[in-house]
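For reference, the structure discussed in these notes is given below.
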Amino acid sequence: MGDLALAFVETGSGEPLLLHHGAESHKGQHGLLTPHLSPAIRAIAYDQRDVGDSDSAFRDYTMDGLVEDCVGLMDALGLADAHLAGFSFGGAIALNVALRHPERVRSLVVGATPRSFARPSPFVERALTLTPEERAVVMLDASISPRAQRDERLMGVVNDLLRGRVTAPGSRRAAAITTHHLTRTQLASIAVPTLLVYGSDDPVVPPSEGRELRAALPAAELVELEEARHGVALEHPARVAGLINDWILRHRNTA
């Protein structure tokens, strides 16, 4: 964390769980998820640097900086280790923390995350050729089903996230995102128990990415949620929270 202050909110008590938000998001992303988590889980959702209520960086950084922010927050909270969960870019941060600091991670929950953000996926490449207005519609449909877009509460959260867009082309954050690139050798060294959660209908990070991670990670399990898109934890918070509750119960600290 260094000289950057990170804002966070927490609910519950007991098994510590750090929640990592996505690229175009902030800690409020988890507002629909945390009410469904067990009260025996201390869920800590924080804003990454350059996002929300956290400090902004004044120089370029890479994934390493975001990893050290997470570990620094754990140090500040007095956590020797914790469970980590993240979706999309948040899952990338969680994986990289486990790679660089395995002793700090009890277990992982990684959702809708590719092995690499070094190059845009074919879907994202096509979306980037559209006008900003067209791209916003396409990305919303890729993340949230048309049925769920009629849910006023859900769309209130989604619109709040969209108003706070932080990953502008050419920004420090946009450059840092492209430094997430894990080789199969690196993945094979991540031995902590890992739950992979992917939407069956996600065009941004399709479930084939989850299958690739499951094949590479030594201790991974994969769940493909039917009728879920890229915003798997936004549209299906109760289902995802149920998976997290069960996972942490299975991998809780019994010392």
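Letters A, B, ... mark the chains of the structure tokens in the order given; residue numbers begin at 1 per chain; ligand numbers begin at 1, in order shown.
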Per DSSP on the backbone, what are the helix (DSSP H, G or I) residues of range 188-242 of chain A, as a list of chain:residue names?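 Selecting the helix (DSSP H, G or I) positions of range 188-242 of chain A gives A:Ala188, A:Pro207, A:Ser208, A:Glu209, A:Gly210, A:Arg211, A:Glu212, A:Leu213, A:Arg214, A:Ala215, A:Ala216, A:Val232, A:Ala233, A:Leu234, A:Glu235, A:Pro237, A:Ala238, A:Arg239, A:Val240, A:Ala241, A:Gly242.
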Would you mind listing, for every residue of range 100-134 of chain A within 8 Å of range 241-254 of chain A, the two atoms forming the shortest contact and the distance between them in Å to one decimal, using only C-alpha atoms, sorted by chain and ascending residue number, as a Markdown table?
```
| residue | atom | partner | partner_atom | distance |
| --- | --- | --- | --- | --- |
| A:Arg106 | CA | A:His251 | CA | 7.3 |
| A:Ser107 | CA | A:His251 | CA | 6.9 |
| A:Val109 | CA | A:Ile244 | CA | 7.2 |
```
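Using only C-alpha atoms, the shortest contact distance between Pro120 in chain A and any of A:Val205, A:Leu99, A:Leu161, A:Met74 is found at A:Val205.
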Residues near Asp160 in chain A, cut-off 12 Å, only C-alpha atoms, skip fewer than 3 positions along chain, as a PDB file with C-alpha atoms, in the first residue's frame:
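As written to disk, result11.pdb reads:
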```
ATOM      1  CA  GLU A  24     -14.569  -0.285 -14.487  1.00  0.00           C
ATOM      2  CA  SER A  25     -15.868  -0.522 -10.952  1.00  0.00           C
ATOM      3  CA  HIS A  26     -15.348   0.275  -7.265  1.00  0.00           C
ATOM      4  CA  LYS A  27     -16.075  -1.290  -3.884  1.00  0.00           C
ATOM      5  CA  GLY A  28     -19.789  -0.608  -4.352  1.00  0.00           C
ATOM      6  CA  GLN A  29     -19.798  -3.472  -6.882  1.00  0.00           C
ATOM      7  CA  GLY A  31     -23.178  -4.105  -2.387  1.00  0.00           C
ATOM      8  CA  GLY A  52     -13.439   5.534  -5.761  1.00  0.00           C
ATOM      9  CA  ARG A 153     -32.214  -1.949  -8.018  1.00  0.00           C
ATOM     10  CA  LEU A 154     -29.617  -3.832 -10.046  1.00  0.00           C
ATOM     11  CA  MET A 155     -29.481  -1.166 -12.732  1.00  0.00           C
ATOM     12  CA  GLY A 156     -29.104   1.515 -10.074  1.00  0.00           C
ATOM     13  CA  VAL A 157     -25.901  -0.205  -8.963  1.00  0.00           C
ATOM     14  CA  ARG A 163     -20.748   6.889 -13.892  1.00  0.00           C
ATOM     15  CA  GLY A 164     -17.417   6.323 -12.169  1.00  0.00           C
ATOM     16  CA  ARG A 165     -15.512   4.987 -15.183  1.00  0.00           C
TER      17      ARG A 165
END
```
For this session: Would you kindly return, as a PyMOL selection string, each protein, DNA or RNA residue with an atom no farther than 9 Å from any atom of range 3-15 of chain A, considering only C-alpha atoms and excluding same-chain residues fewer than 2 positions away?
Result: chain A and resi 1+17+27+34-35+37-49+52-57+69+73+82-83+248-249+252-253
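Picture a line from CA of Thr179 in chain A to CA of Phe117 in chain A; it runs 7.0 Å.
Using only C-alpha atoms for every distance, the candidate list A:Phe123, A:Tyr198, A:Phe87, A:Tyr61 yields A:Tyr61 as the residue closest to Arg172 in chain A.
Counting from CA of His236 in chain A, the distance to CA of Thr178 in chain A is 27.5 Å.
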At a cut-off of 12 Å, using only C-alpha atoms, what residues contact range 189-194 of chain A? Leave out same-chain residues fewer than 2 positions from it and give the result as a short mmCIF file (atom, residue, chain, number, x, y, z; two decimals) with N, CA and C atoms, in the first residue's frame.
```cif
data_model
loop_
_atom_site.label_atom_id
_atom_site.label_comp_id
_atom_site.auth_asym_id
_atom_site.auth_seq_id
_atom_site.Cartn_x
_atom_site.Cartn_y
_atom_site.Cartn_z
N ASP A 81 -3.27 -13.69 6.98
CA ASP A 81 -3.72 -14.28 5.72
C ASP A 81 -5.22 -14.09 5.61
N ALA A 82 -5.77 -14.37 4.45
CA ALA A 82 -7.19 -14.17 4.21
C ALA A 82 -7.61 -14.93 2.97
N HIS A 83 -8.90 -15.11 2.81
CA HIS A 83 -9.47 -15.58 1.55
C HIS A 83 -9.57 -14.36 0.62
N LEU A 84 -9.35 -14.57 -0.66
CA LEU A 84 -9.45 -13.49 -1.64
C LEU A 84 -10.48 -13.86 -2.70
N ALA A 85 -11.33 -12.90 -3.04
CA ALA A 85 -12.30 -13.12 -4.10
C ALA A 85 -12.28 -11.93 -5.05
N GLY A 86 -12.43 -12.19 -6.34
CA GLY A 86 -12.48 -11.12 -7.31
C GLY A 86 -13.10 -11.58 -8.60
N GLY A 91 -10.42 -10.61 -10.14
CA GLY A 91 -9.91 -11.98 -10.06
C GLY A 91 -8.46 -12.06 -10.46
N ALA A 94 -6.42 -11.08 -7.48
CA ALA A 94 -6.40 -12.18 -6.51
C ALA A 94 -5.42 -13.28 -6.93
N LEU A 95 -5.44 -13.65 -8.19
CA LEU A 95 -4.51 -14.68 -8.68
C LEU A 95 -3.06 -14.23 -8.51
N ASN A 96 -2.79 -12.98 -8.82
CA ASN A 96 -1.41 -12.50 -8.73
C ASN A 96 -0.94 -12.38 -7.28
N VAL A 97 -1.84 -12.06 -6.35
CA VAL A 97 -1.46 -12.07 -4.94
C VAL A 97 -1.07 -13.49 -4.53
N ALA A 98 -1.86 -14.47 -4.95
CA ALA A 98 -1.56 -15.86 -4.59
C ALA A 98 -0.24 -16.33 -5.21
N LEU A 99 0.08 -15.82 -6.39
CA LEU A 99 1.34 -16.19 -7.04
C LEU A 99 2.53 -15.60 -6.28
N ARG A 100 2.43 -14.34 -5.89
CA ARG A 100 3.57 -13.64 -5.30
C ARG A 100 3.64 -13.77 -3.77
N HIS A 101 2.50 -14.00 -3.13
CA HIS A 101 2.46 -14.11 -1.66
C HIS A 101 1.57 -15.27 -1.24
N PRO A 102 1.90 -16.49 -1.60
CA PRO A 102 1.01 -17.62 -1.31
C PRO A 102 0.74 -17.81 0.18
N GLU A 103 1.69 -17.41 1.03
CA GLU A 103 1.52 -17.59 2.46
C GLU A 103 0.44 -16.67 3.04
N ARG A 104 0.00 -15.66 2.27
CA ARG A 104 -1.01 -14.72 2.74
C ARG A 104 -2.42 -15.12 2.31
N VAL A 105 -2.56 -16.21 1.55
CA VAL A 105 -3.84 -16.55 0.94
C VAL A 105 -4.33 -17.89 1.46
N ARG A 106 -5.52 -17.89 2.07
CA ARG A 106 -6.13 -19.14 2.53
C ARG A 106 -6.81 -19.87 1.37
N SER A 107 -7.53 -19.14 0.57
CA SER A 107 -8.18 -19.71 -0.61
C SER A 107 -8.55 -18.58 -1.55
N LEU A 108 -8.90 -18.93 -2.78
CA LEU A 108 -9.28 -17.97 -3.81
C LEU A 108 -10.68 -18.27 -4.34
N VAL A 109 -11.39 -17.21 -4.68
CA VAL A 109 -12.59 -17.31 -5.51
C VAL A 109 -12.37 -16.36 -6.68
N VAL A 110 -12.30 -16.90 -7.88
CA VAL A 110 -11.96 -16.12 -9.09
C VAL A 110 -13.10 -16.29 -10.09
N GLY A 111 -13.67 -15.18 -10.52
CA GLY A 111 -14.78 -15.26 -11.46
C GLY A 111 -14.58 -14.43 -12.70
N LEU A 182 -0.44 -14.32 -17.01
CA LEU A 182 0.10 -15.45 -16.28
C LEU A 182 0.39 -16.60 -17.24
N THR A 183 1.60 -17.10 -17.19
CA THR A 183 1.96 -18.26 -18.00
C THR A 183 1.40 -19.53 -17.36
N ARG A 184 1.37 -20.59 -18.12
CA ARG A 184 0.90 -21.85 -17.55
C ARG A 184 1.83 -22.34 -16.45
N THR A 185 3.11 -22.05 -16.57
CA THR A 185 4.06 -22.42 -15.52
C THR A 185 3.75 -21.66 -14.23
N GLN A 186 3.45 -20.37 -14.35
CA GLN A 186 3.09 -19.59 -13.16
C GLN A 186 1.80 -20.11 -12.54
N LEU A 187 0.82 -20.39 -13.36
CA LEU A 187 -0.45 -20.91 -12.83
C LEU A 187 -0.24 -22.23 -12.11
N LEU A 196 -13.37 -21.40 -9.22
CA LEU A 196 -13.54 -20.63 -10.44
C LEU A 196 -15.03 -20.54 -10.76
N VAL A 197 -15.54 -19.33 -10.98
CA VAL A 197 -16.96 -19.12 -11.25
C VAL A 197 -17.10 -18.35 -12.55
N GLY A 210 -12.28 -20.30 -18.07
CA GLY A 210 -12.31 -20.96 -16.77
C GLY A 210 -11.81 -22.39 -16.86
N LEU A 213 -8.06 -22.32 -16.95
CA LEU A 213 -7.48 -22.11 -15.63
C LEU A 213 -7.61 -23.36 -14.76
N ARG A 214 -8.75 -24.01 -14.84
CA ARG A 214 -8.92 -25.24 -14.04
C ARG A 214 -7.88 -26.28 -14.42
N ALA A 215 -7.57 -26.39 -15.70
CA ALA A 215 -6.58 -27.38 -16.14
C ALA A 215 -5.18 -27.02 -15.69
N ALA A 216 -4.91 -25.71 -15.51
CA ALA A 216 -3.56 -25.28 -15.18
C ALA A 216 -3.31 -25.18 -13.68
N LEU A 217 -4.35 -24.85 -12.90
CA LEU A 217 -4.19 -24.67 -11.46
C LEU A 217 -4.24 -26.02 -10.75
N PRO A 218 -3.34 -26.27 -9.82
CA PRO A 218 -3.28 -27.59 -9.17
C PRO A 218 -4.48 -27.91 -8.29
N ALA A 219 -5.13 -26.89 -7.69
CA ALA A 219 -6.18 -27.16 -6.71
C ALA A 219 -7.43 -26.33 -7.02
N ALA A 220 -7.92 -26.47 -8.24
CA ALA A 220 -9.04 -25.64 -8.69
C ALA A 220 -10.30 -26.47 -8.93
N GLU A 221 -11.43 -25.84 -8.64
CA GLU A 221 -12.74 -26.37 -8.99
C GLU A 221 -13.46 -25.31 -9.82
N LEU A 222 -14.25 -25.75 -10.77
CA LEU A 222 -14.92 -24.83 -11.69
C LEU A 222 -16.43 -24.99 -11.59
N VAL A 223 -17.12 -23.85 -11.47
CA VAL A 223 -18.58 -23.82 -11.53
C VAL A 223 -18.96 -22.91 -12.70
N LEU A 243 -22.11 -19.98 -3.19
CA LEU A 243 -20.89 -20.70 -3.54
C LEU A 243 -19.73 -20.27 -2.64
N ILE A 244 -19.63 -18.95 -2.40
CA ILE A 244 -18.56 -18.43 -1.56
C ILE A 244 -18.71 -18.92 -0.12
N TRP A 247 -17.64 -22.47 0.04
CA TRP A 247 -16.20 -22.59 -0.20
C TRP A 247 -15.40 -22.21 1.03
N ILE A 248 -15.75 -21.09 1.64
CA ILE A 248 -15.01 -20.64 2.82
C ILE A 248 -15.24 -21.56 4.00
N ARG A 250 -15.62 -24.70 3.79
CA ARG A 250 -14.75 -25.87 3.53
C ARG A 250 -13.27 -25.56 3.77
N HIS A 251 -12.89 -24.29 3.62
CA HIS A 251 -11.47 -23.93 3.70
C HIS A 251 -11.19 -22.92 4.82
N ARG A 252 -12.02 -22.93 5.84
CA ARG A 252 -11.84 -22.00 6.96
C ARG A 252 -10.61 -22.40 7.78
#
```
### Task
Please provide the set of residues having any atom within 9 Å of Pro207 in chain A, restricted to only C-alpha atoms, with same-chain residues fewer than 3 positions apart removed, written as a list in words.
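Surrounding residues, per the criterion: Ala112, Val197, Tyr198, Gly199, Ser200, Asp201, Asp202, Pro203, Gly210, Arg211, Glu212 and Glu224 of chain A.
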* Asked: A:Glu227, A:Asp50, A:Glu68, A:Asp75: which is nearest Ser171 in chain A, counting only C-alpha atoms?
  ->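 Answer, going by the shortest atom-to-atom distance: A:Asp50.
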Which residue out of A:Arg150, A:His21, A:Arg59, A:His36 has the minimum interatomic distance to Ala176 in chain A when only C-alpha atoms are used?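 Result for the nearest residue to Ala176 in chain A: A:Arg59.
Proximity ranking of A:Arg173, A:His230, A:Arg119, A:His181 relative to Met139 in chain A places A:His230 first, based on only C-alpha atoms.
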*Expressed in Å to a single decimal, how great is the separation between CA of Thr113 in chain A and CA of Glu209 in chain A?*
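Computing it gives 7.4 Å between the two atoms.
Running DSSP on the backbone gives strand (DSSP E or B) for these residues within range 42-127 of chain A: Arg42, Ala43, Ile44, Ala45, Tyr46, Ala82, His83, Leu84, Ala85, Gly86, Phe87, Val105, Arg106, Ser107, Leu108, Val109, Val110, Gly111 and Ser116 of chain A.
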